[in-house]
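Student: What follows is coords11.txt, made up of compact mmCIF, C-alpha atoms:
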# COMPACT_ATOMS: atom_id res chain seq x y z
CA MET Y 21 203.38 -150.03 137.76
CA PRO Y 22 203.52 -147.58 134.87
CA PRO Y 23 206.71 -147.38 132.81
CA ILE Y 24 209.30 -144.86 133.96
CA VAL Y 25 211.61 -142.81 131.77
CA SER Y 26 214.19 -140.40 133.15
CA ILE Y 27 215.06 -137.12 131.43
CA VAL Y 28 218.64 -136.38 132.47
CA SER Y 29 221.35 -133.92 131.60
CA LYS Y 30 224.14 -131.84 132.98
CA LYS Y 31 222.88 -128.73 134.79
CA ASN Y 32 220.78 -126.10 133.04
CA SER Y 33 220.32 -128.00 129.81
CA GLY Y 34 216.61 -127.29 129.57
CA LYS Y 35 215.04 -130.44 131.03
CA THR Y 36 212.03 -128.58 132.43
CA THR Y 37 211.62 -126.63 129.19
CA LEU Y 38 211.52 -129.90 127.25
CA LEU Y 39 209.04 -131.39 129.73
CA GLU Y 40 206.79 -128.36 129.34
CA LYS Y 41 206.38 -129.26 125.66
CA LEU Y 42 206.55 -133.05 125.96
CA ILE Y 43 203.88 -133.46 128.66
CA PRO Y 44 201.10 -131.70 126.69
CA GLU Y 45 202.05 -133.67 123.56
CA LEU Y 46 201.66 -136.95 125.47
CA CYS Y 47 198.44 -135.74 127.13
CA ARG Y 48 197.00 -134.89 123.69
CA ARG Y 49 197.61 -138.51 122.76
CA GLY Y 50 195.46 -139.61 125.67
CA TYR Y 51 198.11 -140.71 128.13
CA ARG Y 52 197.92 -139.86 131.81
CA VAL Y 53 201.36 -138.53 132.60
CA GLY Y 54 202.95 -138.11 136.02
CA THR Y 55 206.30 -136.54 136.84
CA VAL Y 56 208.87 -136.91 139.59
CA LYS Y 57 211.49 -134.27 140.14
CA HIS Y 58 214.59 -135.22 142.02
CA ASP Y 59 215.94 -132.58 144.34
CA HIS Y 60 219.23 -133.05 146.11
CA HIS Y 61 219.11 -130.17 148.50
CA GLY Y 62 215.56 -129.98 149.76
CA PHE Y 63 212.90 -127.70 148.36
CA ASP Y 64 210.22 -125.24 149.25
CA ILE Y 65 206.68 -125.96 148.28
CA ASP Y 66 203.52 -124.34 149.54
CA ARG Y 67 203.15 -120.66 150.17
CA GLU Y 68 204.03 -118.77 153.29
CA GLY Y 69 200.97 -117.97 155.35
CA LYS Y 70 198.72 -120.67 153.88
CA ASP Y 71 197.07 -122.94 156.45
CA THR Y 72 199.00 -126.03 155.33
CA TRP Y 73 202.23 -124.06 155.46
CA ARG Y 74 201.35 -122.99 159.02
CA HIS Y 75 200.68 -126.63 160.02
CA LYS Y 76 204.05 -127.70 158.63
CA GLN Y 77 205.86 -124.80 160.31
CA ALA Y 78 204.19 -125.76 163.60
CA GLY Y 79 205.80 -129.20 163.39
CA ALA Y 80 203.35 -131.49 161.58
CA ALA Y 81 205.48 -134.21 159.96
CA THR Y 82 202.88 -134.97 157.30
CA VAL Y 83 200.46 -132.42 155.92
CA VAL Y 84 197.70 -133.03 153.40
CA ILE Y 85 195.23 -130.66 151.82
CA SER Y 86 192.30 -132.40 150.21
CA SER Y 87 189.69 -130.98 147.87
CA PRO Y 88 187.15 -132.61 145.56
CA LYS Y 89 189.43 -132.56 142.51
CA LYS Y 90 192.96 -132.39 143.89
CA ILE Y 91 195.08 -133.53 146.80
CA ALA Y 92 198.49 -132.35 147.96
CA LEU Y 93 200.92 -133.80 150.46
CA VAL Y 94 204.09 -132.58 152.12
CA LYS Y 95 205.86 -135.21 154.22
CA ASP Y 96 209.08 -135.36 156.17
CA LEU Y 97 211.16 -138.48 155.62
CA GLU Y 98 213.71 -140.33 157.71
CA ALA Y 99 215.39 -141.50 154.52
CA GLU Y 100 214.92 -140.65 150.88
CA MET Y 101 212.12 -142.61 149.25
CA ASP Y 102 213.20 -144.97 146.49
CA LEU Y 103 211.89 -144.14 143.00
CA ASP Y 104 210.10 -147.49 142.67
CA GLU Y 105 208.38 -146.90 145.99
CA ILE Y 106 207.35 -143.38 144.94
CA VAL Y 107 205.86 -144.68 141.72
CA SER Y 108 204.06 -147.60 143.32
CA ARG Y 109 202.62 -145.39 146.08
CA PHE Y 110 201.59 -142.35 144.10
CA PHE Y 111 201.49 -143.17 140.39
CA SER Y 112 199.63 -146.47 140.06
CA ASP Y 113 196.86 -144.77 138.07
CA MET Y 114 199.21 -143.13 135.55
CA ASP Y 115 200.14 -144.45 132.09
CA LEU Y 116 203.66 -143.08 132.19
CA VAL Y 117 206.01 -141.52 134.72
CA ILE Y 118 208.68 -139.11 133.54
CA THR Y 119 211.40 -138.19 135.99
CA GLU Y 120 213.34 -134.96 135.80
CA GLY Y 121 216.72 -136.00 137.02
CA TYR Y 122 217.42 -139.36 138.70
CA LYS Y 123 220.69 -139.90 136.87
CA ARG Y 124 221.43 -142.74 139.27
CA GLY Y 125 217.86 -144.06 139.40
CA GLY Y 126 218.59 -147.03 137.17
CA LYS Y 127 215.67 -146.27 134.83
CA PRO Y 128 215.85 -145.86 131.04
CA GLN Y 129 217.24 -142.41 130.34
CA ILE Y 130 216.89 -139.83 127.61
CA GLU Y 131 219.68 -137.29 127.82
CA VAL Y 132 219.04 -133.69 126.88
CA PHE Y 133 222.17 -132.23 125.33
CA ARG Y 134 222.24 -128.68 123.98
CA ARG Y 135 225.53 -127.47 122.60
CA ALA Y 136 224.93 -123.97 123.92
CA ALA Y 137 224.75 -125.34 127.47
CA HIS Y 138 227.73 -127.72 127.61
CA GLU Y 139 230.74 -128.85 125.63
CA SER Y 140 230.01 -132.55 126.03
CA PRO Y 141 227.09 -134.72 127.10
CA LEU Y 142 226.70 -136.46 130.44
CA HIS Y 143 226.90 -139.91 128.90
CA THR Y 144 229.65 -141.21 126.67
CA ARG Y 145 229.54 -143.80 123.95
CA GLN Y 146 231.88 -145.88 126.10
CA ASN Y 147 229.68 -145.68 129.16
CA PRO Y 148 226.06 -145.28 128.08
CA GLY Y 149 224.55 -146.81 131.22
CA THR Y 150 220.79 -147.05 130.81
CA LEU Y 151 220.68 -144.40 128.06
CA VAL Y 152 218.03 -145.14 125.43
CA ALA Y 153 218.19 -141.93 123.39
CA VAL Y 154 219.77 -138.51 123.27
CA ALA Y 155 217.68 -135.41 122.52
CA SER Y 156 220.02 -132.82 121.10
CA ASP Y 157 220.35 -129.84 118.81
CA VAL Y 158 223.60 -131.16 117.40
CA ASP Y 159 224.66 -134.38 115.78
CA VAL Y 160 226.02 -136.39 118.69
CA ASP Y 161 226.75 -140.10 118.56
CA LEU Y 162 226.22 -141.90 121.85
CA GLY Y 163 225.40 -145.25 120.26
CA VAL Y 164 221.66 -144.71 120.81
CA PRO Y 165 219.00 -143.01 118.68
CA ARG Y 166 219.46 -139.25 118.41
CA LEU Y 167 216.28 -137.22 118.58
CA ASP Y 168 215.91 -133.56 117.68
CA VAL Y 169 215.44 -131.80 121.03
CA ASN Y 170 213.21 -129.26 119.26
CA ASP Y 171 210.97 -131.90 117.66
CA VAL Y 172 208.72 -132.78 120.56
CA ARG Y 173 206.52 -134.99 118.40
CA ALA Y 174 209.45 -137.20 117.46
CA ILE Y 175 210.41 -137.48 121.13
CA ALA Y 176 206.81 -138.38 122.06
CA ASP Y 177 206.77 -140.93 119.21
CA PHE Y 178 209.94 -142.51 120.55
CA ILE Y 179 208.57 -142.70 124.10
CA ALA Y 180 205.20 -144.05 122.97
CA LYS Y 181 206.78 -146.73 120.79
CA ARG Y 182 209.31 -147.75 123.37
CA PHE Y 183 207.30 -147.54 126.61
CA LEU Y 184 203.59 -147.37 125.88
CA THR Y 185 201.90 -150.39 124.38
CA ARG Y 186 198.65 -148.84 123.20
CA MET C 14 195.89 -146.49 161.37
CA PRO C 15 196.62 -143.63 163.76
CA PRO C 16 193.72 -142.05 165.67
CA ILE C 17 192.01 -139.12 163.98
CA VAL C 18 190.52 -136.07 165.69
CA SER C 19 188.79 -133.27 163.80
CA ILE C 20 189.05 -129.63 164.83
CA VAL C 21 185.85 -128.02 163.56
CA SER C 22 184.07 -124.70 163.88
CA LYS C 23 182.05 -122.15 162.02
CA LYS C 24 184.15 -120.02 159.69
CA ASN C 25 187.01 -117.88 160.96
CA SER C 26 186.96 -119.17 164.51
CA GLY C 27 190.73 -119.64 164.73
CA LYS C 28 191.18 -123.34 163.94
CA THR C 29 194.57 -122.80 162.30
CA THR C 30 195.67 -120.50 165.12
CA LEU C 31 194.81 -123.21 167.65
CA LEU C 32 196.62 -125.85 165.58
CA GLU C 33 199.72 -123.66 165.45
CA LYS C 34 199.93 -123.93 169.23
CA LEU C 35 198.59 -127.46 169.64
CA ILE C 36 200.90 -129.19 167.14
CA PRO C 37 204.16 -128.04 168.85
CA GLU C 38 202.74 -128.97 172.26
CA LEU C 39 202.01 -132.53 171.02
CA CYS C 40 205.40 -132.72 169.26
CA ARG C 41 207.13 -131.72 172.51
CA ARG C 42 205.46 -134.72 174.11
CA GLY C 43 207.07 -136.98 171.51
CA TYR C 44 204.13 -137.64 169.22
CA ARG C 45 204.44 -137.62 165.45
CA VAL C 46 201.56 -135.44 164.35
CA GLY C 47 200.08 -135.20 160.87
CA THR C 48 197.36 -132.85 159.67
CA VAL C 49 194.72 -132.91 156.97
CA LYS C 50 193.02 -129.74 155.85
CA HIS C 51 189.72 -130.01 154.07
CA ASP C 52 189.22 -127.56 151.27
CA HIS C 53 185.88 -127.32 149.50
CA HIS C 54 186.82 -125.12 146.60
CA GLY C 55 190.22 -126.29 145.46
CA PHE C 56 193.50 -124.72 146.47
CA ASP C 57 196.78 -123.45 145.21
CA ILE C 58 199.95 -125.04 146.41
CA ASP C 59 203.40 -124.77 144.95
CA ARG C 60 204.88 -121.57 143.61
CA GLU C 61 204.57 -120.14 140.16
CA GLY C 62 207.67 -120.75 138.10
CA LYS C 63 209.00 -123.68 140.13
CA ASP C 64 209.78 -126.80 138.10
CA THR C 65 207.01 -128.85 139.74
CA TRP C 66 204.55 -126.03 139.11
CA ARG C 67 205.63 -126.00 135.46
CA HIS C 68 205.11 -129.79 135.19
CA LYS C 69 201.60 -129.45 136.63
CA GLN C 70 200.75 -126.53 134.37
CA ALA C 71 201.93 -128.57 131.39
CA GLY C 72 199.34 -131.21 132.21
CA ALA C 73 200.98 -133.76 134.50
CA ALA C 74 198.17 -135.32 136.55
CA THR C 75 200.47 -136.35 139.38
CA VAL C 76 203.62 -134.45 140.34
CA VAL C 77 206.10 -135.41 143.02
CA ILE C 78 209.23 -133.67 144.20
CA SER C 79 211.52 -135.90 146.20
CA SER C 80 214.50 -134.96 148.29
CA PRO C 81 216.49 -136.84 150.95
CA LYS C 82 214.42 -135.49 153.86
CA LYS C 83 211.08 -134.50 152.37
CA ILE C 84 208.63 -135.45 149.66
CA ALA C 85 205.73 -133.50 148.20
CA LEU C 86 202.89 -134.57 145.95
CA VAL C 87 200.21 -132.75 143.98
CA LYS C 88 197.67 -135.04 142.37
CA ASP C 89 194.48 -134.53 140.37
CA LEU C 90 191.57 -136.68 141.45
CA GLU C 91 188.49 -138.01 139.68
CA ALA C 92 186.63 -137.97 142.98
CA GLU C 93 187.45 -136.63 146.41
CA MET C 94 189.54 -139.02 148.47
CA ASP C 95 187.86 -140.35 151.58
CA LEU C 96 189.46 -139.35 154.89
CA ASP C 97 190.14 -142.96 155.91
CA GLU C 98 191.85 -143.58 152.58
CA ILE C 99 193.96 -140.42 152.97
CA VAL C 100 195.07 -141.49 156.44
CA SER C 101 195.83 -145.08 155.46
CA ARG C 102 197.79 -143.99 152.37
CA PHE C 103 199.79 -141.11 153.77
CA PHE C 104 199.74 -141.20 157.59
CA SER C 105 200.48 -144.80 158.58
CA ASP C 106 203.71 -143.69 160.29
CA MET C 107 202.08 -140.96 162.38
CA ASP C 108 200.89 -141.25 166.00
CA LEU C 109 197.96 -138.88 165.54
CA VAL C 110 196.14 -137.18 162.69
CA ILE C 111 194.40 -133.87 163.32
CA THR C 112 192.03 -132.62 160.67
CA GLU C 113 191.23 -128.98 160.16
CA GLY C 114 187.62 -129.13 159.08
CA TYR C 115 185.86 -132.36 158.05
CA LYS C 116 182.66 -131.49 159.86
CA ARG C 117 180.99 -134.35 158.01
CA GLY C 118 183.96 -136.71 158.23
CA GLY C 119 182.41 -138.82 160.97
CA LYS C 120 185.49 -138.59 163.21
CA PRO C 121 185.57 -137.45 166.84
CA GLN C 122 185.35 -133.67 166.84
CA ILE C 123 186.58 -130.85 169.03
CA GLU C 124 184.73 -127.66 168.27
CA VAL C 125 186.49 -124.31 168.52
CA PHE C 126 184.04 -121.67 169.67
CA ARG C 127 185.13 -118.10 170.31
CA ARG C 128 182.46 -115.67 171.33
CA ALA C 129 184.06 -112.85 169.36
CA ALA C 130 183.67 -114.87 166.17
CA HIS C 131 180.10 -116.18 166.40
CA GLU C 132 176.94 -115.91 168.46
CA SER C 133 176.46 -119.65 168.80
CA PRO C 134 178.53 -122.79 168.26
CA LEU C 135 178.24 -125.17 165.32
CA HIS C 136 177.02 -128.02 167.49
CA THR C 137 174.08 -127.95 169.82
CA ARG C 138 173.45 -129.87 172.99
CA GLN C 139 170.51 -131.51 171.21
CA ASN C 140 172.56 -132.58 168.22
CA PRO C 141 176.15 -133.13 169.32
CA GLY C 142 177.01 -135.64 166.58
CA THR C 143 180.53 -136.95 167.14
CA LEU C 144 181.54 -134.01 169.36
CA VAL C 145 183.91 -135.03 172.16
CA ALA C 146 184.84 -131.59 173.53
CA VAL C 147 184.42 -127.88 172.96
CA ALA C 148 187.39 -125.51 173.17
CA SER C 149 186.03 -122.11 173.99
CA ASP C 150 186.73 -118.78 175.66
CA VAL C 151 183.26 -118.73 177.19
CA ASP C 152 181.30 -121.08 179.36
CA VAL C 153 179.28 -123.09 176.86
CA ASP C 154 177.43 -126.29 177.66
CA LEU C 155 177.27 -128.75 174.78
CA GLY C 156 177.05 -131.83 177.01
CA VAL C 157 180.73 -132.59 176.49
CA PRO C 158 183.87 -131.45 178.36
CA ARG C 159 184.62 -127.76 177.88
CA LEU C 160 188.28 -126.88 177.42
CA ASP C 161 189.80 -123.42 177.61
CA VAL C 162 190.71 -122.57 174.00
CA ASN C 163 193.67 -120.56 175.33
CA ASP C 164 195.01 -123.42 177.46
CA VAL C 165 196.78 -125.49 174.85
CA ARG C 166 198.26 -127.82 177.46
CA ALA C 167 194.82 -128.79 178.70
CA ILE C 168 193.68 -129.45 175.13
CA ALA C 169 196.78 -131.58 174.49
CA ASP C 170 196.13 -133.43 177.78
CA PHE C 171 192.58 -134.17 176.67
CA ILE C 172 193.71 -135.46 173.26
CA ALA C 173 196.52 -137.55 174.72
CA LYS C 174 194.27 -139.12 177.33
CA ARG C 175 191.46 -139.79 174.91
CA PHE C 176 193.33 -140.83 171.76
CA LEU C 177 196.94 -141.69 172.56
CA THR C 178 197.68 -144.74 174.63
CA ARG C 179 201.29 -144.17 175.53
Output the structure of this file as structure tokens.
Tutor:
Amino acid sequence: MPPIVSIVSKKNSGKTTLLEKLIPELCRRGYRVGTVKHDHHGFDIDREGKDTWRHKQAGAATVVISSPKKIALVKDLEAEMDLDEIVSRFFSDMDLVITEGYKRGGKPQIEVFRRAAHESPLHTRQNPGTLVAVASDVDVDLGVPRLDVNDVRAIADFIAKRFLTR
Amino acid sequence: MPPIVSIVSKKNSGKTTLLEKLIPELCRRGYRVGTVKHDHHGFDIDREGKDTWRHKQAGAATVVISSPKKIALVKDLEAEMDLDEIVSRFFSDMDLVITEGYKRGGKPQIEVFRRAAHESPLHTRQNPGTLVAVASDVDVDLGVPRLDVNDVRAIADFIAKRFLTR
């Protein structure tokens, strides 16, 4: 099982924006990176009119499209799949899994906190949970290392040192 | 492992259109149906601008979005995944897997042959391969049962009798 780190925050704090810079930085260092996004409400994937979309609309409970270099799956579930199960089933060949969200996933968390987005962070110094660092644009003390949210190299360094042995 | 049946044809013979009618008919009978589409050239799934799309664009080799009732995966591969591996990894909870394509997959095949689309079918009586039936709008003799391509109940009956024990 690859190590898992969760990027968490209050809403609209720029998690995806951070991931868009962090993933290429980790890839440049030679790591195979996978991501899991947690979605509470359900989601749309696939494009209307595509064959796989038509299969799913017709009632197929599991749909796969397979090509020589890529595979995609859309699957209905009776119950939400546990993060550990997701990682063991789909990410065994990755070096690192980053989750966007999964505040209650029990994995080590890096909180993104931008002052422009919220008054206060999700975590508190009194109740840090599994927080291992905060990536922020202000000086915030949560009793864990503070990383500059705009310094993606420093964040990658922290992740590599903490979670990746090579 | 659920049984696998491949719907094959020459190009543009209406495989997806048949599946759009066949899947609901099998679902109505209580079967959990999964589908696999074979794509030779690669494919686009996911929608530009969505978070998962942004993760993938940033370089994530495996991307999952997970919600309480549905999960989706997009994964880069070093080599194309074998159909048996796909089915064992993703379809173990299905009653039946129908593939769209996989002419060379080695699974039992039903050929769709519409006279308006092509002069002659993919299979010949001399070289039927793994053909088990032909679904056509004309009287064609391939040495296997001929089903009416417009009679979706009869096609479902054939599949249920041949592949589904209950």
Student: Chain C residues within 8 Å of chain Y, counting all atoms listed in the file: which ones, as JSON, numbers by chain?
Tutor: {"C": [29, 32, 33, 34, 36, 37, 40, 45, 46, 47, 48, 49, 50, 51, 52, 53, 54, 55, 56, 58, 59, 60, 64, 65, 67, 68, 71, 72, 73, 74, 75, 76, 77, 78, 79, 80, 81, 82, 83, 84, 85, 86, 87, 88, 89, 90, 91, 92, 93, 94, 103, 104, 107]}
Student: Just to confirm, what's the straight-line distance from atom CA of Ser105 of chain C to atom CA of Thr178 of chain C in Å (one decimal)?
Tutor: 16.3 Å
Student: Could you put an axis-aligned box around every listed atom of segment 85-104 of chain Y, padded by 8 Å on each side, and send me its centre and edge lengths in Å to one decimal, as JSON?
Tutor:
{"center_x": 201.3, "center_y": -139.1, "center_z": 150.1, "size_x": 44.2, "size_y": 32.8, "size_z": 31.2}
Student: What separation in Å, quoted to one decimal, exists between atom CA of Val28 of chain Y and atom CA of Lys181 of chain Y?
Tutor: 19.6 Å
Student: My list of candidates is Y:Ile27, Y:Ala137, Y:Gln129, Y:Phe178. Which is closest to Val158 of chain Y when distances are computed with all atoms listed in the file?
Tutor: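 Once distances to Val158 of chain Y are computed over all atoms listed in the file, the minimum belongs to Y:Ala137.
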Student: Show which residues sit within 10 Å of Pro165 of chain Y, as number ranges by chain. Count all atoms listed in the file, and ignore same-chain residues fewer than 4 positions away.
Tutor: Y: 130, 151-155, 160-161, 178
Student: Could you check which of C:Leu177, C:Ser149, C:Lys120, C:Gly114 is closest to Ser133 of chain C, using all atoms listed in the file?
Tutor: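 Nearest candidate to Ser133 of chain C out of C:Leu177, C:Ser149, C:Lys120, C:Gly114: C:Ser149.
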Student: Quick one, how far is atom CA of Ser33 of chain Y from atom CA of His143 of chain Y?
Tutor: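 Pair atom CA of Ser33 of chain Y / atom CA of His143 of chain Y returns 13.6 Å.
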Student: Counting all atoms listed in the file, figure out which residue out of Y:Asp168, Y:Glu139, Y:Glu131, Y:Asp177 gets nearest to Val25 of chain Y.
Tutor: Y:Glu131
Student: Residues at most 9 Å from Gly119 of chain C, counting all atoms listed in the file, excluding those fewer than 4 positions away in the same chain, as a tab-separated table (two decimals) with C-alpha atoms, in the frame of the given file?
Tutor:
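In the end it all went to selection.tsv:
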chain	number	residue	atom	x	y	z
C	19	SER	CA	188.79	-133.27	163.80
C	115	TYR	CA	185.86	-132.36	158.05
C	142	GLY	CA	177.01	-135.64	166.58
C	143	THR	CA	180.53	-136.95	167.14
Student: Using only C-alpha atoms, find all polymer residues with an atom at most 6 Å away from the point (181.6, -117.3, 161.5); report them as a VMD selection string.
Tutor: chain C and resid 23 to 25 130 to 131
Student: Taking all atoms listed in the file into account, name the residue in Y:Gly50, Y:Asp115, Y:Arg124, Y:Ser108 that is nearest to Phe183 of chain Y.
Tutor: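 Going through Y:Gly50, Y:Asp115, Y:Arg124, Y:Ser108 one by one, the smallest distance to Phe183 of chain Y is for Y:Asp115.
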Student: With only C-alpha atoms as the basis for distance, which of C:Ala167, C:Leu160, C:Leu135, C:Ala129 is at the shortest distance from Lys116 of chain C?
Tutor: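 Of all the options, C:Leu135 lies closest to Lys116 of chain C.
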Student: Taking all heavy atoms as the atom set, what does segment 35-44 of chain Y look like once completed, written as a compact mmCIF listing (two decimals), in the frame of the given file?
Tutor:
# COMPACT_ATOMS: atom_id res chain seq x y z
N LYS Y 35 215.92 -129.28 130.78
CA LYS Y 35 215.04 -130.44 131.03
C LYS Y 35 213.59 -130.00 131.25
O LYS Y 35 212.67 -130.56 130.66
CB LYS Y 35 215.51 -131.22 132.26
CG LYS Y 35 216.82 -131.95 132.11
CD LYS Y 35 217.10 -132.89 133.28
CE LYS Y 35 217.38 -132.21 134.60
NZ LYS Y 35 218.63 -131.43 134.63
N THR Y 36 213.41 -129.01 132.12
CA THR Y 36 212.03 -128.58 132.43
C THR Y 36 211.37 -127.98 131.19
O THR Y 36 210.19 -128.22 130.92
CB THR Y 36 212.03 -127.54 133.57
OG1 THR Y 36 212.82 -128.04 134.66
CG2 THR Y 36 210.62 -127.30 134.09
N THR Y 37 212.14 -127.23 130.43
CA THR Y 37 211.62 -126.63 129.19
C THR Y 37 211.16 -127.72 128.22
O THR Y 37 210.09 -127.60 127.61
CB THR Y 37 212.71 -125.75 128.55
OG1 THR Y 37 213.08 -124.74 129.50
CG2 THR Y 37 212.22 -125.09 127.27
N LEU Y 38 211.94 -128.78 128.10
CA LEU Y 38 211.52 -129.90 127.25
C LEU Y 38 210.25 -130.55 127.80
O LEU Y 38 209.30 -130.80 127.05
CB LEU Y 38 212.64 -130.94 127.14
CG LEU Y 38 212.25 -132.23 126.40
CD1 LEU Y 38 211.83 -131.94 124.96
CD2 LEU Y 38 213.39 -133.25 126.44
N LEU Y 39 210.22 -130.77 129.11
CA LEU Y 39 209.04 -131.39 129.73
C LEU Y 39 207.78 -130.55 129.52
O LEU Y 39 206.69 -131.09 129.34
CB LEU Y 39 209.27 -131.63 131.22
CG LEU Y 39 210.12 -132.86 131.53
CD1 LEU Y 39 210.45 -132.91 133.01
CD2 LEU Y 39 209.37 -134.13 131.13
N GLU Y 40 207.95 -129.25 129.54
CA GLU Y 40 206.79 -128.36 129.34
C GLU Y 40 206.15 -128.53 127.96
O GLU Y 40 204.99 -128.18 127.76
CB GLU Y 40 207.21 -126.90 129.52
CG GLU Y 40 207.23 -126.48 130.96
CD GLU Y 40 207.59 -125.01 131.11
OE1 GLU Y 40 208.58 -124.57 130.46
OE2 GLU Y 40 206.91 -124.31 131.87
N LYS Y 41 206.94 -129.02 126.99
CA LYS Y 41 206.38 -129.26 125.66
C LYS Y 41 205.99 -130.73 125.49
O LYS Y 41 205.02 -131.05 124.81
CB LYS Y 41 207.41 -128.86 124.60
CG LYS Y 41 207.65 -127.35 124.55
CD LYS Y 41 208.59 -126.95 123.43
CE LYS Y 41 210.04 -127.24 123.78
NZ LYS Y 41 210.99 -126.81 122.74
N LEU Y 42 206.76 -131.61 126.13
CA LEU Y 42 206.55 -133.05 125.96
C LEU Y 42 205.28 -133.54 126.69
O LEU Y 42 204.54 -134.37 126.16
CB LEU Y 42 207.79 -133.78 126.50
CG LEU Y 42 207.86 -135.29 126.32
CD1 LEU Y 42 207.76 -135.68 124.84
CD2 LEU Y 42 209.17 -135.81 126.93
N ILE Y 43 205.05 -133.01 127.89
CA ILE Y 43 203.88 -133.46 128.66
C ILE Y 43 202.57 -133.17 127.91
O ILE Y 43 201.76 -134.08 127.73
CB ILE Y 43 203.88 -132.82 130.09
CG1 ILE Y 43 205.06 -133.34 130.91
CG2 ILE Y 43 202.57 -133.12 130.82
CD1 ILE Y 43 205.38 -132.50 132.15
N PRO Y 44 202.36 -131.94 127.42
CA PRO Y 44 201.10 -131.70 126.69
C PRO Y 44 200.97 -132.57 125.44
O PRO Y 44 199.87 -133.01 125.11
CB PRO Y 44 201.17 -130.22 126.30
CG PRO Y 44 202.29 -129.64 127.05
CD PRO Y 44 203.16 -130.72 127.57
